[in-house]
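Shown next: model.txt, containing compact mmCIF, C-alpha atoms and all ligand atoms.
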```
# COMPACT_ATOMS: atom_id res chain seq x y z
CA MET A 1 0.00 0.00 0.00
CA ASN A 2 2.85 2.38 0.81
CA VAL A 3 4.57 1.62 -2.50
CA TYR A 4 1.33 2.56 -4.24
CA ASP A 5 0.93 5.75 -2.17
CA GLY A 6 4.55 6.65 -2.99
CA GLN A 7 3.92 6.24 -6.73
CA ARG A 8 0.83 8.45 -6.53
CA ILE A 9 2.71 11.12 -4.57
CA ALA A 10 5.56 11.11 -7.11
CA ALA A 11 3.13 11.33 -10.05
CA MET A 12 1.23 14.19 -8.38
CA LEU A 13 4.39 16.22 -7.77
CA GLU A 14 5.67 15.56 -11.29
CA LYS A 15 2.45 17.21 -12.52
CA HIS A 16 3.59 20.25 -10.55
CA GLY A 17 6.88 20.32 -12.44
CA LEU A 18 9.09 18.54 -9.89
CA THR A 19 11.46 15.69 -10.71
CA GLN A 20 12.74 12.92 -8.48
CA THR A 21 16.17 12.87 -6.87
CA ASN A 22 17.73 10.40 -4.48
CA ASN A 23 20.00 13.06 -2.94
CA VAL A 24 18.66 14.79 0.11
CA GLU A 25 21.10 17.68 -0.47
CA ASP A 26 19.57 18.42 -3.91
CA ALA A 27 15.92 18.14 -2.95
CA ASP A 28 13.50 21.07 -2.77
CA ILE A 29 10.90 18.91 -1.06
CA ILE A 30 11.55 15.82 1.08
CA ILE A 31 8.71 13.47 1.92
CA LEU A 32 8.88 10.49 4.22
CA ASN A 33 6.08 8.07 3.44
CA THR A 34 5.73 6.24 6.72
CA CYS A 35 4.48 3.02 8.35
CA ALA A 36 3.39 2.75 11.99
CA VAL A 37 2.59 -0.95 12.16
CA ARG A 38 5.52 -1.75 14.44
CA ALA A 39 7.42 0.56 16.81
CA LYS A 40 10.65 -0.02 14.87
CA ALA A 41 9.11 1.48 11.72
CA THR A 42 8.01 4.60 13.61
CA ASP A 43 11.40 4.97 15.34
CA LYS A 44 13.17 4.79 11.97
CA VAL A 45 11.12 7.75 10.74
CA TYR A 46 12.24 9.98 13.57
CA SER A 47 15.89 8.96 13.32
CA ALA A 48 15.79 9.57 9.54
CA LEU A 49 14.19 12.98 10.15
CA GLY A 50 17.03 13.83 12.52
CA ARG A 51 19.58 13.05 9.81
CA ILE A 52 17.68 14.74 7.00
CA ARG A 53 17.04 18.03 8.78
CA ARG A 54 20.79 18.52 9.08
CA ALA A 55 21.59 17.46 5.50
CA LYS A 56 18.83 19.25 3.59
CA LYS A 57 19.03 22.64 1.83
CA GLU A 58 17.92 25.42 4.14
CA ASN A 59 14.75 26.25 2.22
CA ALA A 60 13.81 22.69 1.33
CA LEU A 61 10.36 21.63 2.47
CA LEU A 62 10.30 18.62 4.78
CA GLY A 63 7.32 16.51 5.81
CA ILE A 64 5.88 13.15 6.68
CA VAL A 65 2.87 11.43 5.15
CA GLY A 66 1.18 8.13 5.99
CA CYS A 67 0.48 6.31 9.22
CA VAL A 68 3.17 7.89 11.43
CA ALA A 69 1.78 11.30 10.45
CA ARG A 70 -1.68 10.14 11.48
CA GLU A 71 -0.37 8.64 14.72
CA SER A 72 1.79 11.63 15.72
CA GLY A 73 -0.42 14.49 14.51
CA ALA A 74 0.63 17.94 15.73
CA ASP A 75 3.14 16.34 18.13
CA ALA A 76 5.37 15.69 15.11
CA PHE A 77 5.90 19.47 14.74
CA LYS A 78 6.96 19.65 18.39
CA ARG A 79 9.45 16.80 18.00
CA ILE A 80 10.88 18.09 14.69
CA PRO A 81 10.32 21.88 14.41
CA GLU A 82 11.72 21.90 10.84
CA LEU A 83 8.71 19.90 9.59
CA ASN A 84 6.53 21.79 7.11
CA PHE A 85 3.76 19.21 6.66
CA VAL A 86 2.18 16.22 8.38
CA LEU A 87 -0.42 14.42 6.24
CA GLY A 88 -2.22 11.20 7.11
CA PRO A 89 -2.72 8.26 4.72
CA GLN A 90 -6.05 9.62 3.52
CA SER A 91 -4.99 13.22 2.98
CA TYR A 92 -1.73 13.16 1.05
CA HIS A 93 -3.58 14.51 -2.01
CA LYS A 94 -3.44 17.86 -0.13
CA LEU A 95 0.34 17.96 -0.59
CA PRO A 96 0.32 20.60 -3.40
CA GLU A 97 -1.09 23.09 -0.83
CA ILE A 98 2.34 23.28 0.80
CA LEU A 99 3.91 24.14 -2.57
CA LYS A 100 1.50 27.08 -2.84
CA ASN A 101 2.01 28.20 0.77
CA PRO A 102 5.50 27.09 1.80
CA ASP A 103 5.54 29.38 4.83
CA THR A 104 2.65 27.61 6.58
CA LYS A 105 2.58 24.43 8.65
CA LEU A 106 0.23 21.99 6.93
CA LEU A 107 -1.47 19.43 9.17
CA ASN A 108 -4.20 17.10 7.91
CA ILE A 109 -4.84 13.73 9.51
CA ASP A 110 -8.57 13.57 8.67
CA MET A 111 -10.19 10.27 7.93
CA SER A 112 -11.92 11.65 4.86
CA GLY A 113 -12.65 8.22 3.42
CA LEU A 114 -12.16 7.75 -0.28
CA GLU A 115 -11.89 11.42 -1.23
CA LYS A 116 -8.22 11.16 -2.21
CA PHE A 117 -9.01 8.73 -5.03
CA ASP A 118 -11.26 11.35 -6.67
CA GLU A 119 -8.77 14.16 -6.24
CA LEU A 120 -5.48 12.52 -7.25
CA PRO A 121 -4.56 13.09 -10.91
CA GLN A 122 -4.84 10.03 -13.19
CA MET A 123 -1.52 8.19 -13.68
CA THR A 124 -0.18 8.70 -17.21
CA LYS A 125 2.27 5.81 -17.19
CA SER A 126 1.94 2.56 -15.30
CA PRO A 127 4.75 0.35 -14.02
CA LEU A 128 4.62 -3.28 -15.27
CA VAL A 129 2.99 -4.19 -11.95
CA ALA A 130 0.12 -1.83 -11.22
CA TYR A 131 -1.08 -1.67 -7.62
CA ILE A 132 -4.77 -0.83 -7.52
CA PRO A 133 -6.29 -0.17 -4.10
CA ILE A 134 -9.84 -1.49 -3.91
CA GLN A 135 -10.55 -0.79 -0.28
CA GLU A 136 -9.03 1.19 2.56
CA GLY A 137 -9.07 0.64 6.29
CA CYS A 138 -10.08 -2.40 8.27
CA ASN A 139 -13.02 -3.42 10.46
CA HIS A 140 -11.31 -6.49 11.94
CA CYS A 141 -10.01 -5.08 15.15
CA CYS A 142 -7.10 -7.49 15.73
CA THR A 143 -5.99 -6.54 19.22
CA TYR A 144 -2.33 -5.91 18.26
CA CYS A 145 -2.99 -3.80 15.17
CA ILE A 146 -2.82 -0.02 14.79
CA VAL A 147 -4.22 -0.07 11.22
CA PRO A 148 -7.91 0.40 12.13
CA TYR A 149 -6.77 3.55 13.95
CA THR A 150 -4.39 4.90 11.29
CA ARG A 151 -6.28 3.89 8.13
CA GLY A 152 -9.77 3.97 9.61
CA ARG A 153 -12.90 1.92 9.08
CA GLU A 154 -13.17 -0.26 6.02
CA LEU A 155 -14.45 1.37 2.83
CA SER A 156 -14.71 -0.35 -0.56
CA ARG A 157 -14.19 1.77 -3.68
CA PRO A 158 -16.92 1.81 -6.36
CA PHE A 159 -16.56 -1.11 -8.79
CA ASP A 160 -16.55 1.19 -11.86
CA ASP A 161 -13.79 3.37 -10.38
CA VAL A 162 -11.57 0.35 -9.73
CA ILE A 163 -12.17 -0.99 -13.24
CA ALA A 164 -11.46 2.47 -14.73
CA ASP A 165 -8.10 2.53 -12.88
CA THR A 166 -7.36 -1.01 -14.03
CA ILE A 167 -8.11 -0.19 -17.69
CA ASN A 168 -5.99 2.95 -17.43
CA ALA A 169 -3.11 0.90 -16.00
CA ALA A 170 -3.48 -1.70 -18.78
CA LYS A 171 -3.50 1.00 -21.49
CA THR A 172 -0.42 2.71 -20.04
CA GLY A 173 1.92 -0.23 -19.57
CA ALA A 174 0.73 -2.63 -16.87
CA ILE A 175 1.00 -6.37 -17.40
CA GLU A 176 0.23 -7.43 -13.86
CA ILE A 177 -2.51 -6.07 -11.61
CA CYS A 178 -2.19 -6.37 -7.85
CA PHE A 179 -5.39 -5.47 -6.03
CA LEU A 180 -4.67 -3.95 -2.64
CA GLY A 181 -6.49 -3.64 0.63
CA GLN A 182 -5.83 -4.20 4.31
CA ASN A 183 -8.71 -6.67 4.08
CA VAL A 184 -8.74 -7.09 0.32
CA ASN A 185 -11.02 -10.12 0.10
CA GLY A 186 -13.59 -8.30 2.24
CA TYR A 187 -14.22 -6.02 -0.79
CA LYS A 188 -17.95 -5.44 -1.17
CA TYR A 189 -19.55 -2.66 -3.19
CA THR A 190 -23.26 -2.21 -3.82
CA ASP A 191 -24.13 0.10 -6.72
CA GLU A 192 -27.16 2.42 -6.96
CA ASN A 193 -29.28 -0.44 -8.42
CA GLY A 194 -28.53 -2.67 -5.46
CA LYS A 195 -26.10 -4.92 -7.37
CA LEU A 196 -23.36 -6.32 -5.15
CA TYR A 197 -19.80 -6.57 -6.47
CA LYS A 198 -17.10 -8.69 -4.83
CA LEU A 199 -13.41 -9.29 -5.40
CA SER A 200 -14.20 -12.24 -7.68
CA ASP A 201 -16.14 -9.83 -9.95
CA LEU A 202 -13.14 -7.50 -10.14
CA ILE A 203 -10.87 -10.42 -11.06
CA ARG A 204 -13.26 -11.70 -13.74
CA GLU A 205 -13.59 -8.25 -15.33
CA THR A 206 -9.83 -7.57 -15.20
CA ALA A 207 -9.02 -10.93 -16.78
CA LYS A 208 -10.89 -9.79 -19.92
CA LEU A 209 -8.22 -7.15 -20.61
CA PRO A 210 -5.79 -8.54 -23.20
CA GLU A 211 -2.87 -6.42 -21.88
CA ILE A 212 -3.16 -7.98 -18.43
CA HIS A 213 -1.50 -11.39 -18.02
CA ARG A 214 -1.19 -11.72 -14.26
CA ILE A 215 -3.60 -10.86 -11.44
CA ARG A 216 -3.05 -11.13 -7.71
CA PHE A 217 -4.33 -9.53 -4.51
CA THR A 218 -3.11 -8.88 -0.98
CA SER A 219 -3.78 -9.22 2.00
CA SER A 220 -6.56 -11.70 2.68
CA TYR A 221 -8.43 -12.39 5.88
CA PRO A 222 -8.99 -16.14 6.29
CA THR A 223 -12.73 -16.15 7.02
CA GLU A 224 -13.46 -13.78 4.11
CA MET A 225 -12.17 -16.39 1.66
CA SER A 226 -15.64 -17.01 0.19
CA ASP A 227 -16.44 -19.90 -2.16
CA ASP A 228 -16.79 -17.65 -5.23
CA LEU A 229 -13.24 -16.40 -4.63
CA ILE A 230 -11.86 -19.89 -4.04
CA GLU A 231 -13.55 -21.16 -7.21
CA ILE A 232 -12.11 -18.42 -9.39
CA PHE A 233 -8.62 -19.78 -8.68
CA GLY A 234 -9.73 -22.86 -10.62
CA LYS A 235 -11.38 -20.92 -13.44
CA GLU A 236 -9.13 -17.97 -14.18
CA PRO A 237 -5.61 -18.86 -15.35
CA LYS A 238 -4.48 -15.21 -15.18
CA LEU A 239 -4.97 -15.30 -11.41
CA LEU A 240 -1.55 -16.31 -10.04
CA PRO A 241 -1.37 -19.57 -8.05
CA PHE A 242 -0.11 -17.77 -4.98
CA LEU A 243 -2.09 -16.36 -2.07
CA ASN A 244 -1.08 -14.36 0.98
CA MET A 245 -3.50 -15.41 3.73
CA PRO A 246 -1.99 -14.57 7.13
CA ILE A 247 -2.72 -16.87 10.05
CA GLN A 248 -0.46 -14.91 12.52
CA SER A 249 -0.33 -17.76 15.11
CA GLY A 250 -0.95 -21.50 15.21
CA SER A 251 -2.43 -21.41 18.72
CA PRO A 252 -6.24 -21.09 19.05
CA ARG A 253 -5.73 -19.68 22.56
CA ILE A 254 -3.51 -16.83 21.25
CA LEU A 255 -5.67 -16.30 18.17
CA LYS A 256 -8.65 -15.72 20.49
CA LYS A 257 -6.64 -13.10 22.40
CA MET A 258 -5.66 -11.55 19.06
CA ASN A 259 -9.36 -11.40 18.16
CA ARG A 260 -8.56 -13.44 15.04
CA PRO A 261 -10.40 -16.48 13.62
CA ASP A 262 -9.27 -19.27 15.99
CA ASP A 263 -10.57 -22.39 14.25
CA ILE A 264 -7.41 -23.92 12.80
CA ASP A 265 -9.38 -26.73 11.16
CA ALA A 266 -11.56 -24.19 9.32
CA TYR A 267 -8.35 -22.47 8.10
CA LYS A 268 -6.98 -25.80 6.86
CA THR A 269 -10.30 -26.51 5.11
CA ILE A 270 -9.90 -23.27 3.11
CA VAL A 271 -6.34 -24.25 2.13
CA ASN A 272 -7.55 -27.71 1.07
CA LYS A 273 -10.40 -26.25 -0.98
CA LEU A 274 -7.93 -23.95 -2.74
CA LYS A 275 -5.62 -26.91 -3.45
CA SER A 276 -8.52 -28.92 -4.83
CA VAL A 277 -9.41 -26.24 -7.41
CA ARG A 278 -5.78 -25.26 -8.16
CA GLY A 279 -3.34 -28.07 -7.45
CA ASP A 280 -0.25 -25.85 -7.84
CA ILE A 281 -1.32 -23.10 -5.43
CA GLN A 282 1.08 -21.97 -2.69
CA ILE A 283 0.18 -19.99 0.41
CA SER A 284 2.12 -17.37 2.32
CA SER A 285 1.45 -15.98 5.77
CA ASP A 286 2.42 -13.27 8.21
CA PHE A 287 3.33 -14.40 11.73
CA ILE A 288 3.63 -12.61 15.04
CA VAL A 289 5.72 -14.24 17.78
CA GLY A 290 5.70 -13.23 21.43
CA PHE A 291 2.15 -11.92 21.61
CA PRO A 292 1.23 -11.28 25.31
CA ASP A 293 0.90 -14.53 27.29
CA GLU A 294 2.23 -16.71 24.43
CA SER A 295 3.61 -19.87 26.08
CA ASP A 296 6.19 -22.31 24.70
CA GLU A 297 3.30 -24.65 23.79
CA ASP A 298 1.49 -21.87 21.93
CA PHE A 299 4.65 -21.10 19.99
CA GLU A 300 5.18 -24.79 19.16
CA GLN A 301 1.73 -24.74 17.56
CA THR A 302 2.86 -21.86 15.34
CA LEU A 303 5.91 -23.89 14.24
CA GLN A 304 3.61 -26.85 13.65
CA ILE A 305 1.24 -24.94 11.35
CA ALA A 306 4.16 -23.39 9.42
CA ARG A 307 5.50 -26.92 8.82
CA GLU A 308 2.11 -28.35 7.95
CA ILE A 309 0.87 -25.72 5.47
CA LYS A 310 4.42 -25.45 4.06
CA TYR A 311 4.02 -21.69 3.72
CA ILE A 312 6.36 -20.02 1.27
CA ASN A 313 7.40 -16.35 1.01
CA SER A 314 6.18 -15.47 4.50
CA TYR A 315 6.83 -12.59 6.88
CA SER A 316 7.52 -13.00 10.59
CA PHE A 317 7.61 -10.33 13.26
CA LYS A 318 8.23 -9.92 16.97
CA TYR A 319 5.10 -8.60 18.64
CA SER A 320 5.40 -4.83 19.06
CA PRO A 321 3.04 -3.03 21.48
CA ARG A 322 1.31 -0.17 19.65
CA PRO A 323 -0.63 2.84 20.90
CA HIS A 324 -4.43 2.69 20.56
CA THR A 325 -4.41 -1.14 20.68
CA ALA A 326 -5.86 -3.49 23.29
CA ALA A 327 -2.92 -5.92 23.32
CA ALA A 328 -0.51 -3.21 24.48
CA LEU A 329 -2.39 -3.15 27.79
CA MET A 330 -2.60 -6.93 28.23
CA PRO A 331 -0.77 -8.63 31.13
CA ASN A 332 2.09 -11.13 30.65
CA GLN A 333 3.99 -9.21 27.98
CA ILE A 334 6.82 -11.40 26.66
CA SER A 335 10.47 -10.40 27.07
CA GLU A 336 12.49 -9.24 24.05
CA GLN A 337 14.88 -12.13 24.63
CA ILE A 338 12.17 -14.78 24.34
CA LYS A 339 10.68 -13.02 21.32
CA SER A 340 14.10 -13.08 19.61
CA VAL A 341 14.63 -16.79 20.25
CA ARG A 342 11.15 -17.63 18.96
CA LEU A 343 11.58 -15.47 15.87
CA GLN A 344 14.87 -17.18 15.08
CA ARG A 345 13.29 -20.63 15.39
CA LEU A 346 10.29 -19.68 13.25
CA ASP A 347 12.55 -18.14 10.60
CA LEU A 348 14.56 -21.38 10.43
CA GLN A 349 11.34 -23.22 9.63
CA LEU A 350 10.12 -20.61 7.11
CA ASN A 351 13.51 -20.56 5.37
CA GLU A 352 13.49 -24.33 5.19
CA ASN A 353 10.02 -24.25 3.58
CA GLN A 354 11.23 -21.67 1.08
CA ARG A 355 14.38 -23.61 0.25
CA GLU A 356 12.42 -26.81 -0.25
CA PHE A 357 9.92 -25.10 -2.55
CA ASN A 358 12.63 -23.29 -4.51
CA MET A 359 14.51 -26.59 -5.03
CA SER A 360 11.31 -28.26 -6.23
CA CYS A 361 11.15 -25.67 -9.04
CA ILE A 362 14.43 -26.80 -10.64
CA GLY A 363 13.77 -28.18 -14.12
CA LYS A 364 10.38 -26.47 -14.40
CA GLU A 365 9.43 -23.84 -16.97
CA MET A 366 7.70 -20.73 -15.68
CA VAL A 367 6.42 -17.57 -17.33
CA CYS A 368 8.10 -14.77 -15.36
CA LEU A 369 7.72 -10.99 -15.30
CA PHE A 370 10.73 -8.73 -15.86
CA GLU A 371 11.65 -6.67 -12.81
CA GLY A 372 14.99 -4.99 -13.58
CA ASN A 373 18.74 -5.39 -13.85
CA ASP A 374 20.71 -6.84 -10.96
CA LYS A 375 23.43 -4.79 -9.24
CA THR A 376 26.23 -6.13 -11.45
CA GLY A 377 24.37 -5.17 -14.65
CA LYS A 378 25.22 -8.62 -16.05
CA HIS A 379 21.97 -10.27 -15.10
CA LEU A 380 18.24 -9.65 -15.36
CA VAL A 381 15.83 -10.17 -12.48
CA PHE A 382 12.39 -11.67 -13.04
CA ARG A 383 9.47 -12.58 -10.74
CA THR A 384 7.96 -16.03 -10.98
CA PRO A 385 4.20 -16.59 -10.51
CA TYR A 386 5.04 -17.34 -6.84
CA MET A 387 6.88 -14.01 -6.41
CA GLN A 388 10.27 -15.75 -6.23
CA GLN A 389 13.18 -13.80 -7.65
CA CYS A 390 14.67 -15.48 -10.69
CA ILE A 391 18.04 -14.35 -12.04
CA VAL A 392 19.08 -14.96 -15.64
CA GLU A 393 22.14 -14.01 -17.72
CA LYS A 394 21.51 -10.89 -19.75
CA PRO A 395 20.83 -12.18 -23.28
CA ASP A 396 22.23 -10.47 -26.39
CA HIS A 397 18.73 -10.19 -27.87
CA GLU A 398 15.80 -7.98 -26.93
CA ILE A 399 13.46 -9.37 -24.31
CA THR A 400 9.76 -8.89 -23.71
CA PRO A 401 8.44 -8.22 -20.18
CA LEU A 402 7.01 -11.74 -19.95
CA GLN A 403 9.45 -14.54 -20.64
CA LYS A 404 9.29 -18.27 -20.40
CA ILE A 405 12.21 -19.29 -18.19
CA LYS A 406 13.62 -22.73 -17.43
CA ILE A 407 14.69 -22.93 -13.79
CA THR A 408 18.20 -24.34 -13.57
CA ASP A 409 19.26 -23.76 -9.96
CA ALA A 410 17.87 -22.59 -6.63
CA ASN A 411 18.75 -21.71 -3.07
CA LYS A 412 16.76 -20.41 -0.12
CA SER A 413 16.46 -16.86 -1.42
CA CYS A 414 16.27 -17.07 -5.22
CA LEU A 415 16.16 -19.07 -8.42
CA ARG A 416 18.42 -19.07 -11.43
CA GLY A 417 17.19 -19.78 -14.92
CA GLU A 418 17.58 -19.56 -18.65
CA ILE A 419 15.32 -17.69 -21.03
CA ILE A 420 13.57 -20.03 -23.45
CA LYS A 421 13.35 -18.37 -26.86
N1 LIG A 501 3.46 -6.21 16.18
C1 LIG A 501 4.08 -7.04 15.28
N2 LIG A 501 3.59 -7.28 14.07
C2 LIG A 501 2.45 -6.67 13.71
N3 LIG A 501 1.72 -6.71 12.57
C3 LIG A 501 0.66 -5.90 12.70
N4 LIG A 501 0.67 -5.32 13.93
C4 LIG A 501 1.78 -5.79 14.56
C5 LIG A 501 2.33 -5.57 15.85
N5 LIG A 501 1.74 -4.76 16.73
C6 LIG A 501 2.08 -7.56 11.45
C7 LIG A 501 0.99 -8.60 11.15
C8 LIG A 501 0.38 -8.08 9.87
C9 LIG A 501 1.57 -7.39 9.22
C10 LIG A 501 1.23 -6.38 8.19
O1 LIG A 501 2.23 -6.75 10.30
O2 LIG A 501 1.63 -9.84 10.95
O3 LIG A 501 -0.14 -9.11 9.06
FE1 LIG A 502 -4.76 -5.18 11.22
FE2 LIG A 502 -5.01 -6.97 9.20
FE3 LIG A 502 -6.18 -7.41 11.62
FE4 LIG A 502 -7.13 -5.52 9.97
S1 LIG A 502 -7.10 -7.77 9.60
S2 LIG A 502 -6.81 -5.31 12.18
S3 LIG A 502 -5.21 -4.71 9.08
S4 LIG A 502 -3.95 -7.31 11.15
```

What would you get if you wrote out this structure as structure tokens?
Ligand code: 5AD
Ligand code: SF4
Amino acid sequence: MNVYDGQRIAAMLEKHGLTQTNNVEDADIIILNTCAVRAKATDKVYSALGRIRRAKKENALLGIVGCVARESGADAFKRIPELNFVLGPQSYHKLPEILKNPDTKLLNIDMSGLEKFDELPQMTKSPLVAYIPIQEGCNHCCTYCIVPYTRGRELSRPFDDVIADTINAAKTGAIEICFLGQNVNGYKYTDENGKLYKLSDLIRETAKLPEIHRIRFTSSYPTEMSDDLIEIFGKEPKLLPFLNMPIQSGSPRILKKMNRPDDIDAYKTIVNKLKSVRGDIQISSDFIVGFPDESDEDFEQTLQIAREIKYINSYSFKYSPRPHTAAALMPNQISEQIKSVRLQRLDLQLNENQREFNMSCIGKEMVCLFEGNDKTGKHLVFRTPYMQQCIVEKPDHEITPLQKIKITDANKSCLRGEIIK
């Protein structure tokens, strides 16, 4: 979501005649697009601001947008007096106001809903992978999560607006569409005639576009994985065989405290249904270790589920107490030391899953999407349908963005392959 917001911010400022630079010393405006999901992310923002305020040109405008802006509000100006603007995730379309009035302090952390989508200028060129937000916010108050506070209550965008963005992306260079939402599979939009549209409708409509070859979506909430959505994995070949469906913990006792779906068998049933309609599907998850009161037995259950589902491409985090969340006030907070040990053990398991899956790809042919050159300039980097990185020798002929690649080697972090002409 932040990558998408960053692209929109850049496009908006380019319309105002600005160009991008990676050098703080050269910049006339410096924007930190921020995440508040864990304390470490928030801390990084303030340490970066400390560095930047010393390095920037005297008159350069400096500000933060996104969830840390929403969380800090006017306090941010007290902590960093050099800040010129503080704009929440739903108000960054107001950014041009600071260009018009550089001598003011611009603060906007309103939860104005979907207004920004109407006000942002249309993108004129799409990256190969176009991120299209279909809903914002989240109604699933997981007790550890700051998102319902920073991004607000869940709102689904009108079906026609999403399709218009998708068509625009397809006409301006996109090959892959990634639908985005904090609770993406909870997408529900009822039009003025009472017709209900769901994520499966968006996928079906998008798959009709000849320019679009790959479709995916992230992040899914397990109990919103409805049958129509499961079935479309079997019917629509453009939908990639890879799904991020976080379980967070393998312990029903902890899941209950997290206010998450706690029926592990029901979760496994969804995975099995997906496998029965699409035999080659792989699942990824997010995990939190060291949630308050998590015992060794609870943690063992997390290891057990990671082994059993054979998750690939997953993310794992130490629990981080966040303001405005219920879990931060729960008793039996777990020590940093125990969290670190558990994270290390879980990562061993997740890496092993990834290595095993990557090795199983050797000898296979996959259609992969071009991502860029590697650091040496001698190789090209592609993404497989499972979001693995695949590195190939730079060929002496022109390539197209989608290439059939034969996988020749693999390790835990990436694949190597050869382009099939
Ligand atoms: N501490 C650690 N991880 C968290 N996440 C969300 N809130 C927290 C927190 N307080 C993780 C979840 C979520 C991902 C985006 O971030 O795993 O799926
Ligand atoms: Fe946060 Fe995701 Fe839970 Fe919503 S479903 S509260 S975004 S972890």

Please return as a short mmCIF file (atom, residue, chain, number, x, y, z; two decimals) with C-alpha atoms, in the coordinates of the input the residues found within 10 Å of ligand LIG 501 (chain A), counting only C-alpha atoms and all ligand atoms.
```cif
data_model
loop_
_atom_site.label_atom_id
_atom_site.label_comp_id
_atom_site.auth_asym_id
_atom_site.auth_seq_id
_atom_site.Cartn_x
_atom_site.Cartn_y
_atom_site.Cartn_z
CA CYS A 35 4.48 3.02 8.35
CA ALA A 36 3.39 2.75 11.99
CA VAL A 37 2.59 -0.95 12.16
CA ARG A 38 5.52 -1.75 14.44
CA ALA A 39 7.42 0.56 16.81
CA LYS A 40 10.65 -0.02 14.87
CA CYS A 142 -7.10 -7.49 15.73
CA THR A 143 -5.99 -6.54 19.22
CA TYR A 144 -2.33 -5.91 18.26
CA CYS A 145 -2.99 -3.80 15.17
CA ILE A 146 -2.82 -0.02 14.79
CA VAL A 147 -4.22 -0.07 11.22
CA GLN A 182 -5.83 -4.20 4.31
CA SER A 219 -3.78 -9.22 2.00
CA SER A 220 -6.56 -11.70 2.68
CA TYR A 221 -8.43 -12.39 5.88
CA ASN A 244 -1.08 -14.36 0.98
CA MET A 245 -3.50 -15.41 3.73
CA PRO A 246 -1.99 -14.57 7.13
CA ILE A 247 -2.72 -16.87 10.05
CA GLN A 248 -0.46 -14.91 12.52
CA SER A 249 -0.33 -17.76 15.11
CA SER A 285 1.45 -15.98 5.77
CA ASP A 286 2.42 -13.27 8.21
CA PHE A 287 3.33 -14.40 11.73
CA ILE A 288 3.63 -12.61 15.04
CA VAL A 289 5.72 -14.24 17.78
CA GLY A 290 5.70 -13.23 21.43
CA PHE A 291 2.15 -11.92 21.61
CA SER A 314 6.18 -15.47 4.50
CA TYR A 315 6.83 -12.59 6.88
CA SER A 316 7.52 -13.00 10.59
CA PHE A 317 7.61 -10.33 13.26
CA LYS A 318 8.23 -9.92 16.97
CA TYR A 319 5.10 -8.60 18.64
CA SER A 320 5.40 -4.83 19.06
CA PRO A 321 3.04 -3.03 21.48
CA ARG A 322 1.31 -0.17 19.65
CA PRO A 323 -0.63 2.84 20.90
CA THR A 325 -4.41 -1.14 20.68
CA ALA A 327 -2.92 -5.92 23.32
CA ALA A 328 -0.51 -3.21 24.48
#
```

Discussion item. For a test of reading the model, state the distance in Å between CA of Asn139 (chain A) and CA of Pro261 (chain A), rounded to one decimal.
Written reply: 13.7 Å

Worksheet, complete the sentence: Of A:Asp409, A:Pro395, A:Met387, A:Ala169, the one nearest to Lys364 (chain A) when counting all atoms listed in the file is A:Asp409

Compile the contact shell of region 294-304 of chain A as a CSV table (one decimal) with C-alpha atoms, in the frame of the given file: residues with an atom at most 10 Å away, counting all atoms listed in the file, same-chain residues fewer than 6 positions apart removed.
```csv
chain,number,residue,atom,x,y,z
A,247,ILE,CA,-2.7,-16.9,10.0
A,248,GLN,CA,-0.5,-14.9,12.5
A,249,SER,CA,-0.3,-17.8,15.1
A,250,GLY,CA,-1.0,-21.5,15.2
A,251,SER,CA,-2.4,-21.4,18.7
A,252,PRO,CA,-6.2,-21.1,19.0
A,253,ARG,CA,-5.7,-19.7,22.6
A,254,ILE,CA,-3.5,-16.8,21.2
A,255,LEU,CA,-5.7,-16.3,18.2
A,257,LYS,CA,-6.6,-13.1,22.4
A,287,PHE,CA,3.3,-14.4,11.7
A,288,ILE,CA,3.6,-12.6,15.0
A,310,LYS,CA,4.4,-25.4,4.1
A,332,ASN,CA,2.1,-11.1,30.6
A,333,GLN,CA,4.0,-9.2,28.0
A,334,ILE,CA,6.8,-11.4,26.7
A,338,ILE,CA,12.2,-14.8,24.3
A,339,LYS,CA,10.7,-13.0,21.3
A,342,ARG,CA,11.2,-17.6,19.0
A,343,LEU,CA,11.6,-15.5,15.9
A,345,ARG,CA,13.3,-20.6,15.4
A,346,LEU,CA,10.3,-19.7,13.2
A,347,ASP,CA,12.6,-18.1,10.6
A,348,LEU,CA,14.6,-21.4,10.4
A,349,GLN,CA,11.3,-23.2,9.6
A,350,LEU,CA,10.1,-20.6,7.1
```

Worksheet item: What is the distance between CA of Ile391 (chain A) and CA of Arg416 (chain A), in Å to one decimal?
Response: 4.8 Å

With 6 Å of padding per side, what axis-aligned box (centre and edge lengths, Å, one decimal) covers all the listed atoms of ligand LIG 502 (chain A)? Give it as lines of an AutoDock Vina configuration file.
```
center_x = -5.5
center_y = -6.2
center_z = 10.6
size_x = 15.2
size_y = 15.1
size_z = 15.1
```

Worksheet item: Restricting the calculation to all atoms listed in the file, which member of A:Pro237, A:Pro331, A:Pro81, A:Gly417 is positioned closest to Gln388 (chain A)?
Response: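 Nearest to Gln388 (chain A): A:Gly417.
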
Discussion item. Applying 9 Å and all atoms listed in the file, which residues near Arg8 (chain A) remain after dropping the ones on its own chain fewer than 6 positions away? List them as a PyMOL selection string.
Written reply: chain A and resi 93+120-123

Store the residues picked out above, limited to C-alpha atoms, as a PDB file, keeping the file's coordinate frame.
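See out-v4.pdb below for the written result:
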```
ATOM      1  CA  HIS A  93      -3.580  14.510  -2.010  1.00  0.00           C
ATOM      2  CA  LEU A 120      -5.480  12.520  -7.250  1.00  0.00           C
ATOM      3  CA  PRO A 121      -4.560  13.090 -10.910  1.00  0.00           C
ATOM      4  CA  GLN A 122      -4.840  10.030 -13.190  1.00  0.00           C
ATOM      5  CA  MET A 123      -1.520   8.190 -13.680  1.00  0.00           C
TER       6      MET A 123
END
```
